[in-house]
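Novice: Below you'll find the structure I mean.
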There are 2 protein chains.
Amino acid sequence: MPVGQLIEKVQSACSLDKTRLIVVGVSGGPDSLCLLDVLCRLGYRLLVAHFDHGLRSESAEDAQKVERIAEERRLPYVSSRLNVAEFARASKQSIEEAARTARYRFLFAEARRAAAQAVAVAHTADDQVETVLMHFLRGTGLDGLRGMPYVQPSHEWDQTIPLVRPLLGIWRDEILEYCHENALQPLTDLTNADTTYHRNRLRHELIPYLAQFNPRIKAAIWRMSQNLTADHADLEQISVLTWKSLCLCEEQERVELSYPRLSGQSKGMQRRILRHGLRILRPGLRNIDFEAIERGVAFISSPPRSQKMDWVAGMWLSLQSNRLIISTHRVLPADEEVPQTQDAGEALLQVPGSLDLANGWKLTAELLNVTPSANTQYPSDNNEALLDADHLVSPLTVRPRLPGDRIAPLGMGGHTLKISDFFINAKLPEGYRHRYPLVISAGQVAWIPGYPPSHLFRITPQTTTAVRLRLIRTA
Amino acid sequence: MPVGQLIEKVQSACSLDKTRLIVVGVSGGPDSLCLLDVLCRLGYRLLVAHFDHGLRSESAEDAQKVERIAEERRLPYVSSRLNVAEFARASKQSIEEAARTARYRFLFAEARRAAAQAVAVAHTADDQVETVLMHFLRGTGLDGLRGMPYVQPSHEWDQTIPLVRPLLGIWRDEILEYCHENALQPLTDLTNADTTYHRNRLRHELIPYLAQFNPRIKAAIWRMSQNLTADHADLEQISVLTWKSLCLCEEQERVELSYPRLSGQSKGMQRRILRHGLRILRPGLRNIDFEAIERGVAFISSPPRSQKMDWVAGMWLSLQSNRLIISTHRVLPADEEVPQTQDAGEALLQVPGSLDLANGWKLTAELLNVTPSANTQYPSDNNEALLDADHLVSPLTVRPRLPGDRIAPLGMGGHTLKISDFFINAKLPEGYRHRYPLVISAGQVAWIPGYPPSHLFRITPQTTTAVRLRLIRTA
């Protein structure tokens, strides 16, 4: 490709502004040198940013060389160094993932500091093809098959400064030729420095192998990615419109969708709506698990009897009053479902009698004669408990937990647990724990409403009189 | 997979009707035997159809075996035999293409004869993966990546009887296991009989190779195809709506779209609209060339000065009065553009004078004195011609072509062409040729309006008086 044509292609790629600064990530390899050179020629205002991953012994020297390149062009230069291997260990990421995280954090921190219009990186058409292939091999949908965008307005590193890839339509061969013709001298051995073993294997093994089937495979994949990018954008547009028509409530920790309208959508739209919800509640989430989306679609078409599901990435999926609710584990699927005491104090529960709780729940108590036989009807759900009246001290009291409270869960032979541990095991969201009602008999926890009764007050063959406690919704 | 589960999966795959006949294509291989067996168990009404491709010496024997299988099950049986190798030569298709064409023609001819609800074929999940990979390697978009549908309501073989693939979610291993467990005995060596060398190479080389990168690659690709099928369906839906909002005229040989509305659409939508137009005018067209679609999109964003383009597959793309017109070569891009005589007879064209043609055109003639110099203004387009008055015999006549008419095209040194050949070279659609106006001087064709004048009547340095003829739109 003639130099002029390459430059023109780069210019038209990302519609950047000539008056505002661009942070250019420069490793010193041929791709980033070419990018720097082309952007210079086009007259953009640039800040050269180099990230030293500290992964190779010559890396400090490389940083100096990039600094010299910036000096020669009279461009401002910033750099940062991190021992990525250590960072990877500390953050429990792979080396590649950690390098990527650290590099982009640095680039966008500099971009924010300099109020830059964009961060430009030197991904090439070859990188695009490799990315698409990686996604293809791993298993993906339209989202992954479209590869990287030229301009990514919002991403995990910053919500407002776009990440741009002006070289995304230029092949590596064209870049090498450009470097050669323009006497750019890339640092040696850098080409593959920040690429993974996996990516290299794609580049050097898989792509040449696929070229046996189609010598123009790279062009075919690149073109496919461009087409699918356009298709994806159209689908995103209708998905966002559909989302707006379905969404009844969108908060930090939960979104609520109209269930009747959602279930009337196509399977494809349901998948996109679920993905959209996940992205809203978990913006950093990458590679959303396909199976999770399918579980979500299955939930929509036939909700389980419980009307809720521990879904994916610490999120609930639940159904209530014709609303599909996606919520994080920090809140319950539907918070009206959680009984809470009126206040922090103690209230009496007479037997027989009843006690109003907060938010539409009450507790009732009544006495029952039980025939000690196999026919004793045990409650069918945990909103009801039968306790041995002889072991209870009336009146019962109801209050939130106090330090030192313990319960002997049914079926654990009298072994006791701290209430706080019980709540953790039961996955009760933290926000509900300090007002969760406990039924107390003479200072002992007899029942945690919604769970089985205490072992110590259980019905035994010797029981003649029982107290039946019930947790009932009133609203 | 347990037999019951496989059967259930097949049943739910294509929502077929138990009361109406299904034509089942049975080669006798494990896939089609499994399909036949499952459909039998499910109680569908079946017609066993076997196509003998005549490609292997044992093929007649195979047909007998399949007939026996049908007999054992007391099912009606039809078969057909064709020397596919000969058919391929005659129809200039590859063997594989010819085999496919002949087989489906047979199956759908039988389906029409029997008024069947569907033709069922035994494509498996493995076939699906191979199909997707073939498209991927060749270069494709969403259309190819989604692979084959479970139910294809309309296709090149029939417009109303669907082609169904109940086994599309069943892996070949599961089918072999099914055959084994149910003592089905597939004809040997048939597995690969109707598959191509290319497909076999995918199956036996490429897929095992890709499995080194992801052992579950087949499942990943299959799942991708399902997801993309859903996405494609959603895009089709909005594309059809958009098409309806753009389409101003839809005929056998041409469609007209609102150009302003079309150019306001996204690139992705423009691509789909162009594909949709092609499918309407050329229903049999497979593998629409990507480059052609891109040329179409480029035409929309910046139409050439001529406002028309010889597009693809014998189709024009043209722009007229804010309409984008897709038309076959049998009609011109916009038929108002073609001047036609009022009738089959001869009319006079006085000099000076004018003559109305049909459909909004007229011819005018006037005399001009020309100074024999380099400054003679030659007409800038072919709707105007300057002829040497001394060589013309007035009055001129205008009529359609007659047998034996010839013209000496300008610049061919007096060499003459039959008018019919001239029209063919000029790509004038056949329908317009028998009424195309010719300007005649004493029996000789002096000018074909819209083209350069006859060599015999051209302006030379000796010319002193010229006749200026013009073809002018009046409506």
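Numbering starts fresh at 1 for the residues of each chain in the structure tokens, the chains themselves are lettered A, B, ... in the order given, and ligands are numbered from 1 as they appear.
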Excluding Ser301 (chain A) and its own-chain neighbours fewer than 4 positions away, which residues fall within 12 Å of it when counting only C-alpha atoms? Please give them as a list in words.
Specialist: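 Residues meeting the cut-off are Tyr259, Pro260, Leu262, Ser263, Gly264, Gln265, Ser266, Lys267, Gln270, Arg271, Glu294, Arg295, Gly296, Val297, Gln307, Leu319 and Leu324 of chain A.
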Novice: For chain A against chain B, which residues fall within 8 Å using only C-alpha atoms, given as a PDB file with N, CA, C and O atoms, in the first residue's frame?
Specialist:
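The file below, part-v7.pdb, is the result:
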ATOM      1  N   PHE A 136     -13.573 -17.055  18.398  1.00  0.00           N
ATOM      2  CA  PHE A 136     -14.215 -18.142  17.661  1.00  0.00           C
ATOM      3  C   PHE A 136     -13.856 -19.490  18.295  1.00  0.00           C
ATOM      4  O   PHE A 136     -14.703 -20.352  18.500  1.00  0.00           O
ATOM      5  N   LEU A 137     -12.586 -19.657  18.610  1.00  0.00           N
ATOM      6  CA  LEU A 137     -12.137 -20.933  19.174  1.00  0.00           C
ATOM      7  C   LEU A 137     -12.701 -21.151  20.573  1.00  0.00           C
ATOM      8  O   LEU A 137     -13.048 -22.261  20.941  1.00  0.00           O
ATOM      9  N   ARG A 138     -12.801 -20.082  21.319  1.00  0.00           N
ATOM     10  CA  ARG A 138     -13.266 -20.198  22.700  1.00  0.00           C
ATOM     11  C   ARG A 138     -14.775 -20.441  22.722  1.00  0.00           C
ATOM     12  O   ARG A 138     -15.308 -21.025  23.646  1.00  0.00           O
ATOM     13  N   GLY A 139     -15.428 -19.984  21.651  1.00  0.00           N
ATOM     14  CA  GLY A 139     -16.893 -20.066  21.619  1.00  0.00           C
ATOM     15  C   GLY A 139     -17.437 -18.696  21.891  1.00  0.00           C
ATOM     16  O   GLY A 139     -17.172 -18.121  22.943  1.00  0.00           O
ATOM     17  N   THR A 140     -18.180 -18.147  20.949  1.00  0.00           N
ATOM     18  CA  THR A 140     -18.632 -16.779  21.112  1.00  0.00           C
ATOM     19  C   THR A 140     -19.899 -16.557  20.326  1.00  0.00           C
ATOM     20  O   THR A 140     -20.426 -17.475  19.697  1.00  0.00           O
ATOM     21  N   GLY A 141     -20.394 -15.328  20.373  1.00  0.00           N
ATOM     22  CA  GLY A 141     -21.532 -14.934  19.559  1.00  0.00           C
ATOM     23  C   GLY A 141     -21.130 -13.741  18.721  1.00  0.00           C
ATOM     24  O   GLY A 141     -19.941 -13.486  18.504  1.00  0.00           O
ATOM     25  N   LEU A 142     -22.125 -13.009  18.287  1.00  0.00           N
ATOM     26  CA  LEU A 142     -21.895 -11.849  17.447  1.00  0.00           C
ATOM     27  C   LEU A 142     -20.911 -10.880  18.102  1.00  0.00           C
ATOM     28  O   LEU A 142     -20.033 -10.305  17.451  1.00  0.00           O
ATOM     29  N   LEU A 210      -4.938 -22.526   8.380  1.00  0.00           N
ATOM     30  CA  LEU A 210      -6.224 -22.190   7.748  1.00  0.00           C
ATOM     31  C   LEU A 210      -6.035 -21.667   6.329  1.00  0.00           C
ATOM     32  O   LEU A 210      -6.910 -21.829   5.475  1.00  0.00           O
ATOM     33  N   PHE A 213      -6.733 -23.803   3.445  1.00  0.00           N
ATOM     34  CA  PHE A 213      -8.113 -23.946   2.980  1.00  0.00           C
ATOM     35  C   PHE A 213      -8.543 -22.724   2.169  1.00  0.00           C
ATOM     36  O   PHE A 213      -9.322 -22.831   1.253  1.00  0.00           O
ATOM     37  N   ASN A 214      -8.050 -21.576   2.575  1.00  0.00           N
ATOM     38  CA  ASN A 214      -8.352 -20.339   1.847  1.00  0.00           C
ATOM     39  C   ASN A 214      -7.152 -19.404   1.999  1.00  0.00           C
ATOM     40  O   ASN A 214      -6.929 -18.864   3.080  1.00  0.00           O
ATOM     41  N   ILE A 217      -7.666 -16.147   3.819  1.00  0.00           N
ATOM     42  CA  ILE A 217      -8.466 -16.322   5.041  1.00  0.00           C
ATOM     43  C   ILE A 217      -8.425 -15.088   5.931  1.00  0.00           C
ATOM     44  O   ILE A 217      -9.439 -14.720   6.527  1.00  0.00           O
ATOM     45  N   ALA A 220     -10.718 -12.582   4.645  1.00  0.00           N
ATOM     46  CA  ALA A 220     -12.105 -13.033   4.811  1.00  0.00           C
ATOM     47  C   ALA A 220     -12.571 -12.803   6.248  1.00  0.00           C
ATOM     48  O   ALA A 220     -13.694 -12.345   6.482  1.00  0.00           O
ATOM     49  N   ILE A 221     -11.707 -13.102   7.202  1.00  0.00           N
ATOM     50  CA  ILE A 221     -12.096 -12.943   8.614  1.00  0.00           C
ATOM     51  C   ILE A 221     -12.217 -11.459   8.964  1.00  0.00           C
ATOM     52  O   ILE A 221     -13.134 -11.038   9.657  1.00  0.00           O
ATOM     53  N   ARG A 223     -12.937  -8.951   7.015  1.00  0.00           N
ATOM     54  CA  ARG A 223     -14.139  -8.447   6.361  1.00  0.00           C
ATOM     55  C   ARG A 223     -15.386  -8.882   7.130  1.00  0.00           C
ATOM     56  O   ARG A 223     -16.304  -8.117   7.353  1.00  0.00           O
ATOM     57  N   MET A 224     -15.376 -10.160   7.535  1.00  0.00           N
ATOM     58  CA  MET A 224     -16.481 -10.690   8.334  1.00  0.00           C
ATOM     59  C   MET A 224     -16.647  -9.847   9.592  1.00  0.00           C
ATOM     60  O   MET A 224     -17.761  -9.470   9.955  1.00  0.00           O
ATOM     61  N   ASN A 227     -18.386  -6.613   8.800  1.00  0.00           N
ATOM     62  CA  ASN A 227     -19.807  -6.813   8.561  1.00  0.00           C
ATOM     63  C   ASN A 227     -20.573  -7.069   9.848  1.00  0.00           C
ATOM     64  O   ASN A 227     -21.655  -6.538  10.067  1.00  0.00           O
ATOM     65  N   LEU A 228     -19.993  -7.911  10.692  1.00  0.00           N
ATOM     66  CA  LEU A 228     -20.688  -8.262  11.923  1.00  0.00           C
ATOM     67  C   LEU A 228     -20.712  -7.080  12.884  1.00  0.00           C
ATOM     68  O   LEU A 228     -21.632  -6.943  13.682  1.00  0.00           O
ATOM     69  N   ALA A 230     -21.229  -4.059  11.974  1.00  0.00           N
ATOM     70  CA  ALA A 230     -22.404  -3.285  11.534  1.00  0.00           C
ATOM     71  C   ALA A 230     -23.690  -3.969  11.981  1.00  0.00           C
ATOM     72  O   ALA A 230     -24.606  -3.325  12.495  1.00  0.00           O
ATOM     73  N   ASP A 231     -23.756  -5.290  11.814  1.00  0.00           N
ATOM     74  CA  ASP A 231     -24.953  -6.019  12.250  1.00  0.00           C
ATOM     75  C   ASP A 231     -25.147  -5.873  13.753  1.00  0.00           C
ATOM     76  O   ASP A 231     -26.260  -5.670  14.243  1.00  0.00           O
ATOM     77  N   ASP A 234     -26.609  -2.572  14.711  1.00  0.00           N
ATOM     78  CA  ASP A 234     -28.049  -2.489  14.458  1.00  0.00           C
ATOM     79  C   ASP A 234     -28.840  -3.228  15.537  1.00  0.00           C
ATOM     80  O   ASP A 234     -29.873  -2.755  16.001  1.00  0.00           O
ATOM     81  N   LEU A 235     -28.326  -4.403  15.918  1.00  0.00           N
ATOM     82  CA  LEU A 235     -29.028  -5.168  16.950  1.00  0.00           C
ATOM     83  C   LEU A 235     -28.970  -4.443  18.289  1.00  0.00           C
ATOM     84  O   LEU A 235     -29.926  -4.451  19.054  1.00  0.00           O
ATOM     85  N   SER A 266     -38.299 -12.247  21.124  1.00  0.00           N
ATOM     86  CA  SER A 266     -37.616 -13.397  20.525  1.00  0.00           C
ATOM     87  C   SER A 266     -36.519 -13.891  21.465  1.00  0.00           C
ATOM     88  O   SER A 266     -36.049 -13.151  22.329  1.00  0.00           O
ATOM     89  N   LYS A 267     -36.115 -15.155  21.270  1.00  0.00           N
ATOM     90  CA  LYS A 267     -35.024 -15.724  22.073  1.00  0.00           C
ATOM     91  C   LYS A 267     -33.775 -14.845  21.967  1.00  0.00           C
ATOM     92  O   LYS A 267     -33.087 -14.603  22.953  1.00  0.00           O
ATOM     93  N   GLY A 268     -33.478 -14.403  20.763  1.00  0.00           N
ATOM     94  CA  GLY A 268     -32.274 -13.589  20.560  1.00  0.00           C
ATOM     95  C   GLY A 268     -32.370 -12.295  21.355  1.00  0.00           C
ATOM     96  O   GLY A 268     -31.400 -11.876  21.994  1.00  0.00           O
ATOM     97  N   MET A 269     -33.537 -11.676  21.322  1.00  0.00           N
ATOM     98  CA  MET A 269     -33.713 -10.426  22.060  1.00  0.00           C
ATOM     99  C   MET A 269     -33.621 -10.694  23.557  1.00  0.00           C
ATOM    100  O   MET A 269     -33.006  -9.925  24.296  1.00  0.00           O
TER     101      MET A 269
END
Novice: Separation of CA of Gly54 (chain B) and CA of Val132 (chain B), in Å?
Specialist: 28.4 Å
Novice: So that I can check the surroundings of region 170-185 of chain A, please list as a list in words every protein, DNA and RNA residue that reaches within 7 Å of it, counting only C-alpha atoms and ignoring chain neighbours fewer than 3 positions away.
Specialist: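 The neighbour list is Met1, Val3, Pro30, Asp31, Cys34, Thr124, Ala125, Asp126 and Leu167 of chain A.
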Novice: Produce a file of the selected residues containing C-alpha atoms, as an mmCIF file, in the first residue's frame.
Specialist:
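Output file again16.cif is given in full below:
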data_model
loop_
_atom_site.group_PDB
_atom_site.id
_atom_site.type_symbol
_atom_site.label_atom_id
_atom_site.label_comp_id
_atom_site.auth_asym_id
_atom_site.auth_seq_id
_atom_site.Cartn_x
_atom_site.Cartn_y
_atom_site.Cartn_z
ATOM 1 C CA MET A 1 0.000 0.000 0.000
ATOM 2 C CA VAL A 3 2.348 5.546 2.040
ATOM 3 C CA PRO A 30 6.779 -1.546 14.475
ATOM 4 C CA ASP A 31 3.013 -1.162 14.962
ATOM 5 C CA CYS A 34 4.094 3.398 12.557
ATOM 6 C CA THR A 124 -3.552 -3.947 13.407
ATOM 7 C CA ALA A 125 -5.747 -5.848 10.981
ATOM 8 C CA ASP A 126 -3.719 -8.928 11.910
ATOM 9 C CA LEU A 167 -4.410 0.905 12.431
#
Novice: Could you list, as a ChimeraX atom specification, every residue within 8 Å of Pro352 (chain A), counting only C-alpha atoms and ignoring same-chain residues fewer than 3 positions away?
Specialist: /A:364-367
Novice: Residues of region 142-341 of chain A classed as strand (DSSP E) by DSSP on the backbone are to be reported as a VMD selection string.
Specialist: chain A and resid 151 to 152 163 to 164 247 to 250 254 to 258 308 to 310 315 to 320 323 to 328
Novice: Could those selected residues go to a file with C-alpha atoms, as a short mmCIF file (atom, residue, chain, number, x, y, z; two decimals), in the first residue's frame?
Specialist:
data_model
loop_
_atom_site.label_atom_id
_atom_site.label_comp_id
_atom_site.auth_asym_id
_atom_site.auth_seq_id
_atom_site.Cartn_x
_atom_site.Cartn_y
_atom_site.Cartn_z
CA VAL A 151 -13.52 3.49 18.28
CA GLN A 152 -14.62 2.20 21.68
CA LEU A 163 -10.00 3.93 23.10
CA VAL A 164 -9.20 4.21 19.40
CA CYS A 247 -37.34 -1.63 31.99
CA LEU A 248 -39.47 -0.65 34.98
CA CYS A 249 -36.69 0.21 37.38
CA GLU A 250 -32.94 0.58 36.99
CA ARG A 254 -31.06 -4.18 40.64
CA VAL A 255 -33.07 -3.79 37.50
CA GLU A 256 -36.69 -4.76 37.01
CA LEU A 257 -38.19 -5.68 33.66
CA SER A 258 -41.75 -6.25 32.57
CA LYS A 308 -35.75 -17.24 41.85
CA MET A 309 -32.33 -18.47 40.81
CA ASP A 310 -28.78 -17.79 41.93
CA MET A 315 -26.50 -12.03 40.72
CA TRP A 316 -30.02 -13.23 41.36
CA LEU A 317 -32.68 -13.67 38.76
CA SER A 318 -36.17 -13.61 40.22
CA LEU A 319 -39.75 -13.12 39.30
CA GLN A 320 -42.25 -11.16 41.32
CA ARG A 323 -41.49 -8.40 37.03
CA LEU A 324 -38.26 -10.11 36.14
CA ILE A 325 -35.70 -8.81 38.60
CA ILE A 326 -31.95 -8.98 38.10
CA SER A 327 -30.22 -8.05 41.32
CA THR A 328 -26.84 -8.42 42.92
#
Novice: Please measure the separation of CA of Leu428 (chain B) and CA of Ser91 (chain B), giving the value in Å to one decimal.
Specialist: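 Between these atoms lies a distance of 28.0 Å.
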